[in-house]
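Student: Attaching a single structure in structure tokens format; questions to follow.
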Amino acid sequence: MKKVHIVTDSTADFKEGEDQTYGFHIVPLNIYVNDETYIDRVDLQPDAFLDLMREADELPKSSQPPIGKFKELYDELGSDGSPIVSIHMTGGMSGTVEAARAAAEMTESDVTVIDSQFISHALYFQVKEAAQLANEGASVDDIVQRLNDVRERTTLYVVVDVLDNLVKGGRIGKGRGMIGSFLNIKPIAQLKDGVYSPVGKARSHKQVVSQLWKAFQEDTKGKTVKGIGISHANGQKMGLPLKEKIEALGLDVPFTYTTPIISTHTGEGAIGFMYYTD
């Protein structure tokens with residue numbers, strides 16, 4: 001049986017070099033800022049993007065990878081008959097997974113496309129599990145079943161610090177945004193089944209940390225935390241205190257700048273907090 005190849009996109013937040021360590025492949029998204037086109041994580045890194053976004057005349061835009069890029073990679077990886085599992089960010093935020101499905105229909109390679117229903121580290125939880133299983137010689141069916149299990153056991157919170165990008169992107173009205181900014185409201189939402197659902201709000205960074213810490217303790221009580229991560233768009237004021245609380249439990253908490261595709265939606269100062277259990 002040939003080894004299964006694992007493919008993902010650049011919205012999966014992972015430490016530098018982990019793609020080489022675990023042997024998965026990345027297809028990057030594109031970002032448009034002030035009429036300039038950038039390739040995510042290739043010629044524009046997440047931290048540098050925040051400087052561009054802050055100075056941009058208009059809200060930056062992103063687009064899924066061209067179908068041809070997926071097909072080219074699928075053709076190459078599957079040329080010897082090896083199967084492929086391609087895992088991508090939620091279809092609720094991007095057409096990336098649909099581009100992958102279209103390419104899978106065009107290639108002669110055996111490709112299984114998975115909508116992770118998540119973003120950031122929560123997407124990477126699935127990618128890492130799949131890559132580890134593939135390295136152990138697991139079948140496509142075994143990998144897909146494990147991805148279903150991980151997805152069901154994953155929790156992801158997103159906290160927006162300022163509402164400017166939500167207003168610019170048309171996700172909330174200008175009046176509501178002005179009131180929220182005046183009151184210093186920080187919306188807290190969960191991403192579940194690929195859909196954002198508001199679950200709370202806070203009036204300070206300290207309140208955000210307190211609410212997320214409480215939710216984490218309640219949700220993981222009696223369970224083993226298999227993976228955890230905090231991504232941010234210069235959200236150190238919320239992210240670092242939360243990281244310190246969790247690391248006091250003896251857990252390693254990756255703390256990374258999130259992809260421009262996500263920080264365009266959330267705006268500067270936002271954080272994503274995600275974990276999965278056994």
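Scheme for the structure tokens: letters A, B, ... for chains in order shown; per-chain residue numbers from 1; ligand numbers from 1 in order shown.
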Compile the contact shell of Asp110 (chain A) as number ranges by chain: residues with an atom at most 9 Å away, counting only C-alpha atoms, same-chain residues fewer than 2 positions apart removed.

Tutor: A: 74, 78, 81-85, 104, 107-108, 112

Student: Which one is closest to Asp252 (chain A): A:Lys237, A:Pro66, A:Thr96, A:Val225? Count only C-alpha atoms.

Tutor: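 Under the stated criterion, the closest residue is A:Val225.
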
Student: As number ranges by chain, please: every residue in region 54-204 of chain A that DSSP puts in strand (DSSP E or B).

Tutor: A: 61-63, 84-88, 111-115, 154-159, 186-192, 195-202

Student: Taking 3 positions as the minimum chain separation for residues in the same chain, which residues sit within 9 Å of Lys243 (chain A) when counting only C-alpha atoms? Answer as an mmCIF file with all heavy atoms, in the first residue's frame.

Tutor:
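And here is the file that came out, selection.cif:
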```cif
data_model
loop_
_atom_site.group_PDB
_atom_site.id
_atom_site.type_symbol
_atom_site.label_atom_id
_atom_site.label_comp_id
_atom_site.auth_asym_id
_atom_site.auth_seq_id
_atom_site.Cartn_x
_atom_site.Cartn_y
_atom_site.Cartn_z
ATOM 1 N N GLY A 229 -3.638 25.877 20.985
ATOM 2 C CA GLY A 229 -2.919 26.941 20.307
ATOM 3 C C GLY A 229 -3.636 28.272 20.440
ATOM 4 O O GLY A 229 -4.865 28.309 20.592
ATOM 5 N N ILE A 230 -2.877 29.333 20.412
ATOM 6 C CA ILE A 230 -3.422 30.688 20.388
ATOM 7 C C ILE A 230 -2.817 31.394 19.183
ATOM 8 O O ILE A 230 -1.599 31.432 19.018
ATOM 9 C CB ILE A 230 -3.085 31.471 21.670
ATOM 10 C CG1 ILE A 230 -3.701 30.794 22.900
ATOM 11 C CG2 ILE A 230 -3.584 32.923 21.566
ATOM 12 C CD1 ILE A 230 -3.290 31.427 24.221
ATOM 13 N N MET A 238 -4.379 40.121 25.198
ATOM 14 C CA MET A 238 -5.291 39.064 25.623
ATOM 15 C C MET A 238 -4.609 37.699 25.577
ATOM 16 O O MET A 238 -4.809 36.856 26.457
ATOM 17 C CB MET A 238 -6.543 39.048 24.736
ATOM 18 C CG MET A 238 -7.432 40.262 24.890
ATOM 19 S SD MET A 238 -8.965 40.173 23.908
ATOM 20 C CE MET A 238 -8.357 40.458 22.240
ATOM 21 N N GLY A 239 -3.815 37.474 24.536
ATOM 22 C CA GLY A 239 -3.254 36.154 24.314
ATOM 23 C C GLY A 239 -2.195 35.726 25.295
ATOM 24 O O GLY A 239 -2.188 34.572 25.753
ATOM 25 N N LEU A 240 -1.291 36.638 25.656
ATOM 26 C CA LEU A 240 -0.189 36.250 26.536
ATOM 27 C C LEU A 240 -0.644 35.890 27.953
ATOM 28 O O LEU A 240 -0.191 34.880 28.504
ATOM 29 C CB LEU A 240 0.879 37.346 26.564
ATOM 30 C CG LEU A 240 1.727 37.458 25.296
ATOM 31 C CD1 LEU A 240 2.697 38.630 25.388
ATOM 32 C CD2 LEU A 240 2.494 36.156 25.042
ATOM 33 N N ILE A 246 -2.488 28.833 31.076
ATOM 34 C CA ILE A 246 -2.563 27.450 30.609
ATOM 35 C C ILE A 246 -1.216 26.756 30.743
ATOM 36 O O ILE A 246 -1.142 25.571 31.110
ATOM 37 C CB ILE A 246 -3.073 27.415 29.159
ATOM 38 C CG1 ILE A 246 -4.496 27.973 29.105
ATOM 39 C CG2 ILE A 246 -3.040 25.992 28.603
ATOM 40 C CD1 ILE A 246 -5.003 28.222 27.721
ATOM 41 N N GLU A 247 -0.138 27.476 30.489
ATOM 42 C CA GLU A 247 1.182 26.867 30.619
ATOM 43 C C GLU A 247 1.506 26.529 32.066
ATOM 44 O O GLU A 247 2.320 25.631 32.328
ATOM 45 C CB GLU A 247 2.249 27.784 30.022
ATOM 46 C CG GLU A 247 2.204 27.804 28.497
ATOM 47 C CD GLU A 247 3.340 28.568 27.865
ATOM 48 O OE1 GLU A 247 3.850 29.507 28.507
ATOM 49 O OE2 GLU A 247 3.694 28.240 26.719
ATOM 50 N N ALA A 248 0.853 27.206 33.012
ATOM 51 C CA ALA A 248 1.033 26.866 34.427
ATOM 52 C C ALA A 248 0.504 25.465 34.736
ATOM 53 O O ALA A 248 0.867 24.869 35.761
ATOM 54 C CB ALA A 248 0.328 27.894 35.315
ATOM 55 N N ASP A 252 2.164 22.953 26.748
ATOM 56 C CA ASP A 252 2.840 23.832 25.794
ATOM 57 C C ASP A 252 1.786 24.499 24.921
ATOM 58 O O ASP A 252 0.918 23.821 24.355
ATOM 59 C CB ASP A 252 3.803 23.026 24.923
ATOM 60 C CG ASP A 252 4.469 23.887 23.860
ATOM 61 O OD1 ASP A 252 4.934 24.993 24.197
ATOM 62 O OD2 ASP A 252 4.510 23.454 22.693
ATOM 63 N N VAL A 253 1.839 25.832 24.820
ATOM 64 C CA VAL A 253 0.818 26.572 24.070
ATOM 65 C C VAL A 253 1.482 27.334 22.926
ATOM 66 O O VAL A 253 2.055 28.408 23.132
ATOM 67 C CB VAL A 253 0.060 27.565 24.986
ATOM 68 C CG1 VAL A 253 -1.054 28.248 24.199
ATOM 69 C CG2 VAL A 253 -0.507 26.853 26.204
ATOM 70 N N PRO A 254 1.434 26.809 21.700
ATOM 71 C CA PRO A 254 1.942 27.571 20.558
ATOM 72 C C PRO A 254 1.222 28.920 20.460
ATOM 73 O O PRO A 254 0.006 28.994 20.625
ATOM 74 C CB PRO A 254 1.601 26.675 19.360
ATOM 75 C CG PRO A 254 1.532 25.298 19.927
ATOM 76 C CD PRO A 254 0.958 25.464 21.300
ATOM 77 N N PHE A 255 2.000 29.968 20.199
ATOM 78 C CA PHE A 255 1.472 31.333 20.163
ATOM 79 C C PHE A 255 1.985 31.968 18.887
ATOM 80 O O PHE A 255 3.170 32.296 18.781
ATOM 81 C CB PHE A 255 1.954 32.095 21.404
ATOM 82 C CG PHE A 255 1.333 33.451 21.579
ATOM 83 C CD1 PHE A 255 0.022 33.587 22.008
ATOM 84 C CD2 PHE A 255 2.072 34.605 21.348
ATOM 85 C CE1 PHE A 255 -0.552 34.842 22.201
ATOM 86 C CE2 PHE A 255 1.512 35.864 21.520
ATOM 87 C CZ PHE A 255 0.190 35.973 21.953
#
```

Student: Quick one: residues within 7 Å of region 22-36 of chain A, only C-alpha atoms counted, chain neighbours fewer than 4 positions away excluded, as a list in words?

Tutor: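 These residues fall inside the cut-off: His5, Ile6, Val7, Thr8, Asp9, Ser10, Glu18, Asp40, Ala56, Asp57, Pro60, Lys61, Ser62, Ser63, Gln64, Pro65, Ala131 and Gln132 of chain A.
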
Student: Excluding Gln211 (chain A) and its own-chain neighbours fewer than 5 positions away, which residues fall within 10 Å of it when counting only C-alpha atoms? Please give them as a VMD selection string.

Tutor: chain A and resid 188 200 to 202 206 216

Student: From the list A:Gly235, A:Gly272, A:Pro187, A:Gly267, which residue is nearest Phe118 (chain A) when using only C-alpha atoms?

Tutor: A:Gly272

Student: Write out as an NGL selection string the residues lying within 10 Å of Ser263 (chain A), counting only C-alpha atoms and excluding same-chain residues fewer than 2 positions away.

Tutor: :A and (46 or 49-50 or 53 or 60 or 160 or 165 or 231-234 or 257-261 or 265-271)

Student: For a quick check of understanding, using only C-alpha atoms, which of A:Lys15, A:His205, A:Lys221, A:Arg101 has the smallest distance to His121 (chain A)?

Tutor: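 Answer, going by the shortest atom-to-atom distance: A:Lys15.
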
Student: Quick one: pick out all helix (DSSP H, G or I) residues within region 32-272 of chain A from a backbone DSSP run and write them as a VMD selection string.

Tutor: chain A and resid 46 to 55 67 to 77 96 to 106 120 to 135 140 to 152 164 to 168 174 to 182 205 to 220 236 to 247 260 to 266

Student: My list of candidates is A:Gln145, A:Ser197, A:Asn184, A:Ser94. Which is closest to Ala130 (chain A) when distances are computed with only C-alpha atoms?

Tutor: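 Closest residue, counting only C-alpha atoms: A:Gln145.
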
Student: Of the candidates A:Ala100, A:Glu58, A:Thr21, A:Ile114, which shows the shortest atom-to-atom distance to Leu73 (chain A), using only C-alpha atoms?

Tutor: A:Ala100
